[in-house]
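**Student:** The structure's right below; bear with me while I get my questions together.
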Amino acid sequence: MDLKGRDFLKLLDFSAEEITWLVDLAADLKDKKKKGIPMDTLRGKNVALIFEKTSTRTRCSFEVAAHDLGMGTTYLDSAGSQIGKKESIADTARVLAGMFDGIEYRGYGQDIVEELAKYSKVPVWNGLTNEFHPTQMLADLLTIREHFGYLKGIRLAYMGDARYNMGNSLMVTCAKMGMHFTACTSRNYFPSEELVNTCREIAAGTGGSITLTQDAMAGTRGADVIYTDVWVSMGEPDEVWAERIRDLTPYQVNRAIMENAGEKAIFLHCLPAFHDLKTKIGAEMGARFGITEMEVTDEVFESEQSFVFEEAENRMHTIKAVMLATLSVS
């Protein structure tokens, strides 16, 4: 399958066959890395990494993957770039496309990465926007398939705020891949009606399904995958913590939820996770609200059902697949 020159902005842009091919490629690249087989076939190429929002996994994944493929990287954070300040998105895209072979963007609105892609003559990859997180989705699919051996028919329950990039992307991914997606949260935190309808149309043709429920036990009963994310996203004001803790505590992933899903269920989280008080924000929230855990309990996070670190590693393998596929014919 030839994806050379394609942008990677959201999974809505890709067919189930293309997504599966990328997951297959990632699995092959992972196997080669474990065996010490070099894959530096993109030596001489260079990529720009724009990070308006900081990250551990995304930055490390892109940098290590690029290095493994033989490429150089230039990291541009909000202080080291004029994007959107003194230089327009369109001008930035044209400048960088003249120097680099690919551009990664992690930041705010989906419109920004879409505009970068519109004016760039080289592939643009979405490392995260407010609306979508496609590289995380490939890592999740690889992790799920490694554990269960298949994807079609998997039942995934997402708990928490399903209005933004993770809820949106998981819903799209499940629809595309013939999986069953349940958003398990308060009605005010459901994904947009427009995207829900789009995903239901897609799922009708793939054998998947989309369910929205406020009932935590009904939504997770018999699920194969229980998924959650932090309750307050990067860039949101501190004032929303009290509201989110109040509204989303009923949707915390805990022992009762995992037992309701069953022994075969696995737990996934895109990280970072507030499962204890060992972070600055976790300690602050603990002091303010008298809690020791938020979206997931430490018991579940550290359990044998938790595959969050395998999932984190798979970010690198799947991002490597995206770069290799879009920069060369594999």
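Chain labels follow the order of the structure tokens: the first chain is A, the next B, and so on; residue numbering restarts at 1 in every chain, and ligands are counted from 1 in their shown order.
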Applying 7 Å and only C-alpha atoms, which residues near segment 67-78 of chain A remain after dropping the ones on its own chain fewer than 2 positions away? List them as a list of chain:residue names.
**Tutor:**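 Non-adjacent residues within range: A:Met39, A:Asp40, A:Thr41, A:Leu42, A:Arg43, A:Gly44, A:Lys45, A:Asn46, A:Val47, A:Ala48, A:Leu49, A:Ile50, A:Phe51, A:Glu52, A:Glu63, A:Val64, A:Ala65, A:Gly80, A:Ser81.
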**Student:** Can those selected residues be exported to a file as a PDB file, in the first residue's frame so that it contains N, CA, C and O atoms?
**Tutor:**
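Generated output (part-v2.pdb):
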```pdb
ATOM      1  N   MET A  39      16.788  -0.208  10.435  1.00  0.00           N
ATOM      2  CA  MET A  39      15.790   0.228   9.458  1.00  0.00           C
ATOM      3  C   MET A  39      16.022   1.692   9.084  1.00  0.00           C
ATOM      4  O   MET A  39      15.065   2.462   8.927  1.00  0.00           O
ATOM      5  N   ASP A  40      17.293   2.081   8.973  1.00  0.00           N
ATOM      6  CA  ASP A  40      17.626   3.487   8.730  1.00  0.00           C
ATOM      7  C   ASP A  40      17.574   3.815   7.242  1.00  0.00           C
ATOM      8  O   ASP A  40      18.509   4.377   6.668  1.00  0.00           O
ATOM      9  N   THR A  41      16.441   3.483   6.619  1.00  0.00           N
ATOM     10  CA  THR A  41      16.283   3.662   5.180  1.00  0.00           C
ATOM     11  C   THR A  41      15.970   5.103   4.779  1.00  0.00           C
ATOM     12  O   THR A  41      15.925   5.410   3.588  1.00  0.00           O
ATOM     13  N   LEU A  42      15.748   5.971   5.754  1.00  0.00           N
ATOM     14  CA  LEU A  42      15.441   7.378   5.458  1.00  0.00           C
ATOM     15  C   LEU A  42      16.619   8.289   5.809  1.00  0.00           C
ATOM     16  O   LEU A  42      16.435   9.486   6.055  1.00  0.00           O
ATOM     17  N   ARG A  43      17.817   7.703   5.808  1.00  0.00           N
ATOM     18  CA  ARG A  43      19.012   8.486   6.138  1.00  0.00           C
ATOM     19  C   ARG A  43      19.147   9.649   5.163  1.00  0.00           C
ATOM     20  O   ARG A  43      18.966   9.492   3.955  1.00  0.00           O
ATOM     21  N   GLY A  44      19.456  10.824   5.726  1.00  0.00           N
ATOM     22  CA  GLY A  44      19.584  12.033   4.924  1.00  0.00           C
ATOM     23  C   GLY A  44      18.356  12.915   4.966  1.00  0.00           C
ATOM     24  O   GLY A  44      18.419  14.090   4.589  1.00  0.00           O
ATOM     25  N   LYS A  45      17.238  12.363   5.431  1.00  0.00           N
ATOM     26  CA  LYS A  45      16.025  13.174   5.559  1.00  0.00           C
ATOM     27  C   LYS A  45      15.984  13.832   6.936  1.00  0.00           C
ATOM     28  O   LYS A  45      16.630  13.379   7.884  1.00  0.00           O
ATOM     29  N   ASN A  46      15.203  14.907   7.047  1.00  0.00           N
ATOM     30  CA  ASN A  46      15.069  15.648   8.296  1.00  0.00           C
ATOM     31  C   ASN A  46      13.620  16.014   8.522  1.00  0.00           C
ATOM     32  O   ASN A  46      12.880  16.285   7.564  1.00  0.00           O
ATOM     33  N   VAL A  47      13.208  16.017   9.798  1.00  0.00           N
ATOM     34  CA  VAL A  47      11.825  16.359  10.125  1.00  0.00           C
ATOM     35  C   VAL A  47      11.789  17.445  11.195  1.00  0.00           C
ATOM     36  O   VAL A  47      12.658  17.507  12.066  1.00  0.00           O
ATOM     37  N   ALA A  48      10.769  18.307  11.097  1.00  0.00           N
ATOM     38  CA  ALA A  48      10.550  19.376  12.081  1.00  0.00           C
ATOM     39  C   ALA A  48       9.446  18.933  13.036  1.00  0.00           C
ATOM     40  O   ALA A  48       8.399  18.430  12.602  1.00  0.00           O
ATOM     41  N   LEU A  49       9.673  19.119  14.325  1.00  0.00           N
ATOM     42  CA  LEU A  49       8.712  18.737  15.355  1.00  0.00           C
ATOM     43  C   LEU A  49       8.231  19.998  16.062  1.00  0.00           C
ATOM     44  O   LEU A  49       8.947  20.578  16.876  1.00  0.00           O
ATOM     45  N   ILE A  50       7.006  20.424  15.769  1.00  0.00           N
ATOM     46  CA  ILE A  50       6.432  21.636  16.373  1.00  0.00           C
ATOM     47  C   ILE A  50       5.597  21.223  17.575  1.00  0.00           C
ATOM     48  O   ILE A  50       4.612  20.487  17.437  1.00  0.00           O
ATOM     49  N   PHE A  51       5.972  21.721  18.757  1.00  0.00           N
ATOM     50  CA  PHE A  51       5.259  21.371  19.985  1.00  0.00           C
ATOM     51  C   PHE A  51       4.786  22.647  20.683  1.00  0.00           C
ATOM     52  O   PHE A  51       5.515  23.257  21.445  1.00  0.00           O
ATOM     53  N   GLU A  52       3.546  23.036  20.402  1.00  0.00           N
ATOM     54  CA  GLU A  52       2.934  24.133  21.150  1.00  0.00           C
ATOM     55  C   GLU A  52       2.409  23.629  22.490  1.00  0.00           C
ATOM     56  O   GLU A  52       2.165  24.430  23.393  1.00  0.00           O
ATOM     57  N   GLU A  63      11.210  11.460  18.111  1.00  0.00           N
ATOM     58  CA  GLU A  63      12.657  11.605  18.028  1.00  0.00           C
ATOM     59  C   GLU A  63      13.354  10.244  17.904  1.00  0.00           C
ATOM     60  O   GLU A  63      14.259  10.084  17.078  1.00  0.00           O
ATOM     61  N   VAL A  64      12.934   9.275  18.708  1.00  0.00           N
ATOM     62  CA  VAL A  64      13.556   7.950  18.629  1.00  0.00           C
ATOM     63  C   VAL A  64      13.220   7.280  17.306  1.00  0.00           C
ATOM     64  O   VAL A  64      14.086   6.676  16.651  1.00  0.00           O
ATOM     65  N   ALA A  65      11.965   7.378  16.886  1.00  0.00           N
ATOM     66  CA  ALA A  65      11.557   6.767  15.619  1.00  0.00           C
ATOM     67  C   ALA A  65      12.325   7.381  14.455  1.00  0.00           C
ATOM     68  O   ALA A  65      12.802   6.662  13.567  1.00  0.00           O
ATOM     69  N   GLY A  80      10.400  28.675  20.829  1.00  0.00           N
ATOM     70  CA  GLY A  80      11.428  28.599  19.804  1.00  0.00           C
ATOM     71  C   GLY A  80      10.893  28.706  18.388  1.00  0.00           C
ATOM     72  O   GLY A  80      11.612  28.435  17.428  1.00  0.00           O
ATOM     73  N   SER A  81       9.629  29.088  18.258  1.00  0.00           N
ATOM     74  CA  SER A  81       9.016  29.201  16.938  1.00  0.00           C
ATOM     75  C   SER A  81       8.156  30.448  16.878  1.00  0.00           C
ATOM     76  O   SER A  81       7.595  30.877  17.887  1.00  0.00           O
TER      77      SER A  81
END
```
**Student:** What are the closest atom pairs, with distances in Å to one decimal, for each residue of segment 55-145 of chain A lying within 12 Å of segment 268-279 of chain A, using only C-alpha atoms, rows by chain and rising residue number, as a tab-separated table?
**Tutor:**
```
residue	atom	partner	partner_atom	distance
A:Ser55	CA	A:Pro272	CA	9.4
A:Thr56	CA	A:Pro272	CA	8.8
A:Arg57	CA	A:Leu271	CA	8.4
A:Thr58	CA	A:Cys270	CA	10.5
A:Leu128	CA	A:Cys270	CA	11.6
A:His133	CA	A:Cys270	CA	10.0
A:Pro134	CA	A:Cys270	CA	11.8
A:Thr135	CA	A:Cys270	CA	10.8
A:Gln136	CA	A:Cys270	CA	7.2
A:Met137	CA	A:Cys270	CA	9.4
A:Leu138	CA	A:Cys270	CA	11.6
A:Ala139	CA	A:Cys270	CA	9.4
A:Asp140	CA	A:Leu268	CA	7.9
A:Leu141	CA	A:Leu268	CA	10.9
A:Thr143	CA	A:Leu268	CA	9.0
A:Ile144	CA	A:Leu268	CA	9.2
```
**Student:** Rank nothing, just name the residue among A:Val300, A:Leu12, A:Cys174, A:Ala242 nearest to Arg255 of chain A, using only C-alpha atoms.
**Tutor:** A:Val300
**Student:** Quick one: pick out all alpha helix (DSSP H) residues within segment 9-142 of chain A from a backbone DSSP run and write them as a ChimeraX atom specification.
**Tutor:** /A:16-34,57-68,89-97,110-119,134-142
**Student:** Might you pull out every residue within 10 Å of segment 229-232 of chain A, with only C-alpha atoms counted and same-chain residues fewer than 6 positions away left off, and present them as a list of chain:residue names?
**Tutor:**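 The residues satisfying every condition are A:Tyr158, A:Met159, A:Gly160, A:Asp161, A:Ala162, A:Met166, A:Gly167, A:Asp238, A:Glu239, A:Val240, A:Trp241, A:Glu243, A:Arg244, A:Ile245, A:Asp247, A:Leu248, A:Thr249, A:Gln252, A:Leu268, A:His269, A:Cys270, A:Leu271, A:Pro272, A:Ala273, A:Phe274, A:His275, A:Met294, A:Glu295, A:Val296.
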**Student:** Selected residues, N, CA, C and O atoms, written as an mmCIF file, in the first residue's frame, please.
**Tutor:**
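The result, written out as part-v7.cif:
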```cif
data_model
loop_
_atom_site.group_PDB
_atom_site.id
_atom_site.type_symbol
_atom_site.label_atom_id
_atom_site.label_comp_id
_atom_site.auth_asym_id
_atom_site.auth_seq_id
_atom_site.Cartn_x
_atom_site.Cartn_y
_atom_site.Cartn_z
ATOM 1 N N TYR A 158 -15.063 3.927 26.934
ATOM 2 C CA TYR A 158 -14.270 5.102 27.309
ATOM 3 C C TYR A 158 -14.993 5.849 28.421
ATOM 4 O O TYR A 158 -16.153 6.241 28.271
ATOM 5 N N MET A 159 -14.300 6.085 29.537
ATOM 6 C CA MET A 159 -14.895 6.728 30.694
ATOM 7 C C MET A 159 -14.260 8.084 30.941
ATOM 8 O O MET A 159 -13.030 8.230 30.929
ATOM 9 N N GLY A 160 -15.097 9.095 31.156
ATOM 10 C CA GLY A 160 -14.576 10.427 31.445
ATOM 11 C C GLY A 160 -15.107 11.451 30.473
ATOM 12 O O GLY A 160 -16.234 11.341 29.978
ATOM 13 N N ASP A 161 -14.305 12.461 30.168
ATOM 14 C CA ASP A 161 -14.705 13.545 29.277
ATOM 15 C C ASP A 161 -14.512 13.092 27.828
ATOM 16 O O ASP A 161 -13.394 13.009 27.331
ATOM 17 N N ALA A 162 -15.598 12.799 27.142
ATOM 18 C CA ALA A 162 -15.524 12.240 25.788
ATOM 19 C C ALA A 162 -15.730 13.298 24.707
ATOM 20 O O ALA A 162 -15.968 12.954 23.546
ATOM 21 N N MET A 166 -9.420 12.499 22.738
ATOM 22 C CA MET A 166 -9.409 11.065 22.988
ATOM 23 C C MET A 166 -10.782 10.427 22.756
ATOM 24 O O MET A 166 -10.890 9.401 22.091
ATOM 25 N N GLY A 167 -11.821 11.021 23.289
ATOM 26 C CA GLY A 167 -13.154 10.485 23.049
ATOM 27 C C GLY A 167 -13.502 10.489 21.564
ATOM 28 O O GLY A 167 -14.004 9.492 21.020
ATOM 29 N N ASP A 238 -7.357 26.129 35.655
ATOM 30 C CA ASP A 238 -7.440 25.369 36.904
ATOM 31 C C ASP A 238 -8.845 25.378 37.499
ATOM 32 O O ASP A 238 -9.216 24.474 38.250
ATOM 33 N N GLU A 239 -9.649 26.400 37.148
ATOM 34 C CA GLU A 239 -10.968 26.533 37.728
ATOM 35 C C GLU A 239 -11.882 25.345 37.401
ATOM 36 O O GLU A 239 -12.869 25.100 38.105
ATOM 37 N N VAL A 240 -11.566 24.616 36.334
ATOM 38 C CA VAL A 240 -12.472 23.539 35.938
ATOM 39 C C VAL A 240 -12.248 22.258 36.742
ATOM 40 O O VAL A 240 -13.052 21.324 36.658
ATOM 41 N N TRP A 241 -11.179 22.202 37.545
ATOM 42 C CA TRP A 241 -10.908 20.987 38.307
ATOM 43 C C TRP A 241 -12.076 20.598 39.217
ATOM 44 O O TRP A 241 -12.486 19.441 39.249
ATOM 45 N N GLU A 243 -15.240 21.301 39.045
ATOM 46 C CA GLU A 243 -16.392 20.848 38.270
ATOM 47 C C GLU A 243 -16.164 19.439 37.721
ATOM 48 O O GLU A 243 -17.053 18.582 37.809
ATOM 49 N N ARG A 244 -14.964 19.180 37.179
ATOM 50 C CA ARG A 244 -14.695 17.863 36.591
ATOM 51 C C ARG A 244 -14.664 16.780 37.662
ATOM 52 O O ARG A 244 -15.181 15.673 37.446
ATOM 53 N N ILE A 245 -14.044 17.063 38.787
ATOM 54 C CA ILE A 245 -13.987 16.072 39.859
ATOM 55 C C ILE A 245 -15.401 15.732 40.337
ATOM 56 O O ILE A 245 -15.733 14.566 40.563
ATOM 57 N N ASP A 247 -18.250 16.054 38.569
ATOM 58 C CA ASP A 247 -19.044 15.421 37.515
ATOM 59 C C ASP A 247 -18.531 14.041 37.099
ATOM 60 O O ASP A 247 -19.323 13.179 36.702
ATOM 61 N N LEU A 248 -17.210 13.850 37.158
ATOM 62 C CA LEU A 248 -16.635 12.644 36.565
ATOM 63 C C LEU A 248 -16.194 11.579 37.562
ATOM 64 O O LEU A 248 -15.878 10.455 37.160
ATOM 65 N N THR A 249 -16.222 11.893 38.865
ATOM 66 C CA THR A 249 -15.872 10.875 39.862
ATOM 67 C C THR A 249 -16.727 9.610 39.730
ATOM 68 O O THR A 249 -16.211 8.501 39.913
ATOM 69 N N GLN A 252 -14.930 7.074 37.480
ATOM 70 C CA GLN A 252 -13.562 6.667 37.769
ATOM 71 C C GLN A 252 -13.402 5.178 37.445
ATOM 72 O O GLN A 252 -14.285 4.367 37.703
ATOM 73 N N LEU A 268 -6.480 0.663 29.516
ATOM 74 C CA LEU A 268 -5.584 1.523 28.742
ATOM 75 C C LEU A 268 -5.779 2.987 29.138
ATOM 76 O O LEU A 268 -6.866 3.395 29.556
ATOM 77 N N HIS A 269 -4.709 3.750 28.978
ATOM 78 C CA HIS A 269 -4.701 5.177 29.319
ATOM 79 C C HIS A 269 -3.594 5.812 28.491
ATOM 80 O O HIS A 269 -2.481 5.285 28.431
ATOM 81 N N CYS A 270 -3.871 6.944 27.852
ATOM 82 C CA CYS A 270 -2.866 7.561 26.986
ATOM 83 C C CYS A 270 -1.745 8.244 27.774
ATOM 84 O O CYS A 270 -0.713 8.590 27.199
ATOM 85 N N LEU A 271 -1.938 8.448 29.067
ATOM 86 C CA LEU A 271 -0.942 9.022 29.979
ATOM 87 C C LEU A 271 -0.658 10.499 29.648
ATOM 88 O O LEU A 271 -0.817 10.907 28.513
ATOM 89 N N PRO A 272 -0.249 11.287 30.651
ATOM 90 C CA PRO A 272 -0.007 10.909 32.043
ATOM 91 C C PRO A 272 -1.307 10.663 32.802
ATOM 92 O O PRO A 272 -2.367 11.139 32.395
ATOM 93 N N ALA A 273 -1.194 9.909 33.901
ATOM 94 C CA ALA A 273 -2.367 9.533 34.685
ATOM 95 C C ALA A 273 -2.243 10.028 36.113
ATOM 96 O O ALA A 273 -1.156 10.005 36.693
ATOM 97 N N PHE A 274 -3.354 10.451 36.682
ATOM 98 C CA PHE A 274 -3.382 10.868 38.086
ATOM 99 C C PHE A 274 -3.945 9.714 38.919
ATOM 100 O O PHE A 274 -5.117 9.689 39.276
ATOM 101 N N HIS A 275 -3.080 8.731 39.186
ATOM 102 C CA HIS A 275 -3.482 7.548 39.948
ATOM 103 C C HIS A 275 -2.909 7.562 41.362
ATOM 104 O O HIS A 275 -3.130 6.625 42.129
ATOM 105 N N MET A 294 -7.666 10.076 40.851
ATOM 106 C CA MET A 294 -8.705 10.731 40.057
ATOM 107 C C MET A 294 -9.320 9.773 39.051
ATOM 108 O O MET A 294 -10.139 8.944 39.402
ATOM 109 N N GLU A 295 -8.914 9.861 37.778
ATOM 110 C CA GLU A 295 -9.624 9.103 36.741
ATOM 111 C C GLU A 295 -9.443 7.589 36.852
ATOM 112 O O GLU A 295 -10.258 6.828 36.346
ATOM 113 N N VAL A 296 -8.366 7.145 37.511
ATOM 114 C CA VAL A 296 -8.137 5.717 37.699
ATOM 115 C C VAL A 296 -7.486 5.500 39.059
ATOM 116 O O VAL A 296 -6.668 6.307 39.504
#
```
**Student:** With only C-alpha atoms as the basis for distance, which of A:Ser186, A:Thr129, A:Gln305, A:Thr292 is at the shortest distance from Ala216 of chain A?
**Tutor:**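 Answer, going by the shortest atom-to-atom distance: A:Ser186.
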**Student:** Please identify the strand (DSSP E or B) residues within segment 90-299 of chain A (assignment by DSSP from backbone atoms) and present them as a PyMOL selection string.
**Tutor:** chain A and resi 102-106+124-128+155-159+180-184+209-213+225-228+253+266-269+296
**Student:** Produce a file of the selected residues containing N, CA and C atoms, as a CSV table (one decimal), in the first residue's frame.
**Tutor:**
```
chain,number,residue,atom,x,y,z
A,102,GLY,N,9.4,16.4,6.4
A,102,GLY,CA,8.1,16.1,7.1
A,102,GLY,C,8.0,17.1,8.3
A,103,ILE,N,6.7,17.3,8.7
A,103,ILE,CA,6.5,18.3,9.8
A,103,ILE,C,5.5,17.6,10.7
A,104,GLU,N,5.8,17.6,12.0
A,104,GLU,CA,4.9,17.1,13.0
A,104,GLU,C,4.4,18.4,13.8
A,105,TYR,N,3.1,18.3,14.1
A,105,TYR,CA,2.5,19.4,14.9
A,105,TYR,C,1.7,18.8,16.1
A,106,ARG,N,2.0,19.4,17.3
A,106,ARG,CA,1.2,19.0,18.5
A,106,ARG,C,0.8,20.4,19.1
A,124,VAL,N,2.5,16.2,6.7
A,124,VAL,CA,2.3,16.8,8.0
A,124,VAL,C,1.6,15.7,8.8
A,125,TRP,N,2.1,15.6,10.1
A,125,TRP,CA,1.6,14.6,11.0
A,125,TRP,C,1.0,15.2,12.2
A,126,ASN,N,-0.1,14.8,12.6
A,126,ASN,CA,-0.8,15.3,13.8
A,126,ASN,C,-0.4,14.6,15.1
A,127,GLY,N,0.4,15.3,15.9
A,127,GLY,CA,0.9,14.7,17.2
A,127,GLY,C,-0.1,14.9,18.3
A,128,LEU,N,-1.1,15.7,18.1
A,128,LEU,CA,-2.3,15.9,19.0
A,128,LEU,C,-2.8,17.3,18.7
A,155,ARG,N,-15.0,-4.7,22.2
A,155,ARG,CA,-15.8,-3.7,22.8
A,155,ARG,C,-15.0,-2.8,23.7
A,156,LEU,N,-15.0,-1.5,23.4
A,156,LEU,CA,-14.2,-0.6,24.1
A,156,LEU,C,-15.1,0.4,24.8
A,157,ALA,N,-14.9,0.6,26.1
A,157,ALA,CA,-15.7,1.6,26.9
A,157,ALA,C,-14.7,2.7,27.3
A,158,TYR,N,-15.1,3.9,26.9
A,158,TYR,CA,-14.3,5.1,27.3
A,158,TYR,C,-15.0,5.8,28.4
A,159,MET,N,-14.3,6.1,29.5
A,159,MET,CA,-14.9,6.7,30.7
A,159,MET,C,-14.3,8.1,30.9
A,180,HIS,N,-16.8,-1.9,18.8
A,180,HIS,CA,-18.0,-1.3,19.5
A,180,HIS,C,-17.5,-0.3,20.6
A,181,PHE,N,-17.9,0.9,20.4
A,181,PHE,CA,-17.5,2.0,21.2
A,181,PHE,C,-18.6,2.5,22.1
A,182,THR,N,-18.3,2.6,23.4
A,182,THR,CA,-19.2,3.2,24.4
A,182,THR,C,-18.6,4.3,25.1
A,183,ALA,N,-19.2,5.5,25.0
A,183,ALA,CA,-18.9,6.7,25.8
A,183,ALA,C,-19.7,6.6,27.1
A,184,CYS,N,-19.0,6.4,28.2
A,184,CYS,CA,-19.6,6.2,29.5
A,184,CYS,C,-19.3,7.4,30.4
A,209,SER,N,-20.3,-0.3,16.4
A,209,SER,CA,-21.5,0.4,16.9
A,209,SER,C,-21.0,1.5,17.8
A,210,ILE,N,-21.9,2.5,18.1
A,210,ILE,CA,-21.6,3.6,18.9
A,210,ILE,C,-22.7,3.7,19.9
A,211,THR,N,-22.3,3.7,21.2
A,211,THR,CA,-23.3,3.8,22.3
A,211,THR,C,-22.9,5.0,23.3
A,212,LEU,N,-23.8,5.7,23.7
A,212,LEU,CA,-23.6,6.8,24.7
A,212,LEU,C,-24.5,6.5,25.9
A,213,THR,N,-23.9,6.4,27.1
A,213,THR,CA,-24.6,6.1,28.3
A,213,THR,C,-24.1,6.8,29.5
A,225,VAL,N,-12.0,-3.6,26.6
A,225,VAL,CA,-11.1,-2.6,26.9
A,225,VAL,C,-11.8,-1.5,27.7
A,226,ILE,N,-11.2,-1.1,28.8
A,226,ILE,CA,-11.6,0.0,29.6
A,226,ILE,C,-10.6,1.1,29.4
A,227,TYR,N,-11.0,2.3,29.0
A,227,TYR,CA,-10.1,3.3,28.6
A,227,TYR,C,-10.5,4.6,29.3
A,228,THR,N,-9.5,5.4,29.8
A,228,THR,CA,-9.8,6.7,30.4
A,228,THR,C,-8.7,7.6,30.1
A,253,VAL,N,-12.2,4.8,36.9
A,253,VAL,CA,-12.0,3.4,36.7
A,253,VAL,C,-11.4,2.8,37.9
A,266,ILE,N,-8.8,-5.4,29.6
A,266,ILE,CA,-7.6,-4.7,29.9
A,266,ILE,C,-7.9,-3.3,30.1
A,267,PHE,N,-6.9,-2.6,30.8
A,267,PHE,CA,-7.1,-1.2,31.0
A,267,PHE,C,-6.0,-0.4,30.2
A,268,LEU,N,-6.5,0.7,29.5
A,268,LEU,CA,-5.6,1.5,28.7
A,268,LEU,C,-5.8,3.0,29.1
A,269,HIS,N,-4.7,3.8,29.0
A,269,HIS,CA,-4.7,5.2,29.3
A,269,HIS,C,-3.6,5.8,28.5
A,296,VAL,N,-8.4,7.1,37.5
A,296,VAL,CA,-8.1,5.7,37.7
A,296,VAL,C,-7.5,5.5,39.1
```
**Student:** What is the atom CA of Gly262 of chain A-atom CA of Thr220 of chain A distance in Å, reported with one decimal?
**Tutor:**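 Taking atom CA of Gly262 of chain A as the start and atom CA of Thr220 of chain A as the end point, the length is 9.2 Å.
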**Student:** Calculate how many Å separate atom CA of Lys30 of chain A from atom CA of Phe309 of chain A, rounding to one decimal.
**Tutor:**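 So the answer is 14.8 Å.
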**Student:** Record the distance separating atom CA of Thr326 of chain A and atom CA of Leu3 of chain A, expressed in Å with one decimal.
**Tutor:** 5.2 Å
**Student:** Determine, counting only C-alpha atoms, which protein, DNA and RNA residues have an atom within 7 Å of an atom of segment 199-205 of chain A; residues of the same chain fewer than 3 positions away are not included. Present the result as an MDAnalysis selection string.
**Tutor:** chainID A and resid 171:172 175:176 178 195:196 208:210
**Student:** When you look at Ala325 of chain A with a cut-off of 9 Å (counting only C-alpha atoms), what residues show up, excluding the ones that are within fewer than 3 positions of it in the same chain? I need them as a PDB file with N, CA, C and O atoms, in the first residue's frame.
**Tutor:**
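Here's the written file result13.pdb:
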```pdb
ATOM      1  N   MET A   1       0.850  -1.191   0.000  1.00  0.00           N
ATOM      2  CA  MET A   1       0.000   0.000   0.000  1.00  0.00           C
ATOM      3  C   MET A   1       0.883   1.237   0.000  1.00  0.00           C
ATOM      4  O   MET A   1       1.829   1.338   0.787  1.00  0.00           O
ATOM      5  N   ASP A   2       0.610   2.158  -0.890  1.00  0.00           N
ATOM      6  CA  ASP A   2       1.448   3.343  -1.058  1.00  0.00           C
ATOM      7  C   ASP A   2       0.786   4.560  -0.406  1.00  0.00           C
ATOM      8  O   ASP A   2      -0.225   5.063  -0.901  1.00  0.00           O
ATOM      9  N   LEU A   3       1.356   5.027   0.697  1.00  0.00           N
ATOM     10  CA  LEU A   3       0.863   6.234   1.374  1.00  0.00           C
ATOM     11  C   LEU A   3       1.863   7.375   1.251  1.00  0.00           C
ATOM     12  O   LEU A   3       1.756   8.370   1.963  1.00  0.00           O
ATOM     13  N   LYS A   4       2.845   7.239   0.364  1.00  0.00           N
ATOM     14  CA  LYS A   4       3.881   8.254   0.234  1.00  0.00           C
ATOM     15  C   LYS A   4       3.273   9.614  -0.082  1.00  0.00           C
ATOM     16  O   LYS A   4       2.416   9.760  -0.943  1.00  0.00           O
ATOM     17  N   GLY A   5       3.699  10.624   0.684  1.00  0.00           N
ATOM     18  CA  GLY A   5       3.246  11.985   0.481  1.00  0.00           C
ATOM     19  C   GLY A   5       1.951  12.326   1.195  1.00  0.00           C
ATOM     20  O   GLY A   5       1.541  13.497   1.197  1.00  0.00           O
ATOM     21  N   ARG A   6       1.298  11.335   1.831  1.00  0.00           N
ATOM     22  CA  ARG A   6       0.037  11.591   2.523  1.00  0.00           C
ATOM     23  C   ARG A   6       0.277  12.311   3.844  1.00  0.00           C
ATOM     24  O   ARG A   6       1.258  12.055   4.547  1.00  0.00           O
ATOM     25  N   LEU A  22      -1.040   0.163   8.375  1.00  0.00           N
ATOM     26  CA  LEU A  22      -0.121   0.910   9.235  1.00  0.00           C
ATOM     27  C   LEU A  22       0.165   0.150  10.529  1.00  0.00           C
ATOM     28  O   LEU A  22       1.297   0.130  11.011  1.00  0.00           O
ATOM     29  N   LEU A  25       2.488  -2.631   9.630  1.00  0.00           N
ATOM     30  CA  LEU A  25       3.837  -2.097   9.437  1.00  0.00           C
ATOM     31  C   LEU A  25       4.498  -1.808  10.776  1.00  0.00           C
ATOM     32  O   LEU A  25       5.680  -2.119  10.982  1.00  0.00           O
ATOM     33  N   LYS A 320       6.738   5.539  13.999  1.00  0.00           N
ATOM     34  CA  LYS A 320       7.774   5.159  13.017  1.00  0.00           C
ATOM     35  C   LYS A 320       7.108   4.658  11.743  1.00  0.00           C
ATOM     36  O   LYS A 320       7.545   4.990  10.633  1.00  0.00           O
ATOM     37  N   ALA A 321       6.049   3.876  11.907  1.00  0.00           N
ATOM     38  CA  ALA A 321       5.330   3.360  10.735  1.00  0.00           C
ATOM     39  C   ALA A 321       4.729   4.489   9.904  1.00  0.00           C
ATOM     40  O   ALA A 321       4.795   4.481   8.666  1.00  0.00           O
ATOM     41  N   VAL A 322       4.138   5.475  10.575  1.00  0.00           N
ATOM     42  CA  VAL A 322       3.535   6.609   9.874  1.00  0.00           C
ATOM     43  C   VAL A 322       4.593   7.383   9.083  1.00  0.00           C
ATOM     44  O   VAL A 322       4.403   7.703   7.907  1.00  0.00           O
ATOM     45  N   SER A 328       8.291   7.263   2.282  1.00  0.00           N
ATOM     46  CA  SER A 328       8.853   6.334   1.308  1.00  0.00           C
ATOM     47  C   SER A 328       7.843   5.247   1.015  1.00  0.00           C
ATOM     48  O   SER A 328       6.923   5.026   1.795  1.00  0.00           O
ATOM     49  N   VAL A 329       8.012   4.560  -0.082  1.00  0.00           N
ATOM     50  CA  VAL A 329       7.171   3.426  -0.409  1.00  0.00           C
ATOM     51  C   VAL A 329       7.799   2.222   0.263  1.00  0.00           C
ATOM     52  O   VAL A 329       8.914   1.820  -0.068  1.00  0.00           O
ATOM     53  N   SER A 330       7.080   1.621   1.236  1.00  0.00           N
ATOM     54  CA  SER A 330       7.645   0.514   1.987  1.00  0.00           C
ATOM     55  C   SER A 330       7.474  -0.793   1.224  1.00  0.00           C
ATOM     56  O   SER A 330       6.459  -1.000   0.587  1.00  0.00           O
TER      57      SER A 330
END
```
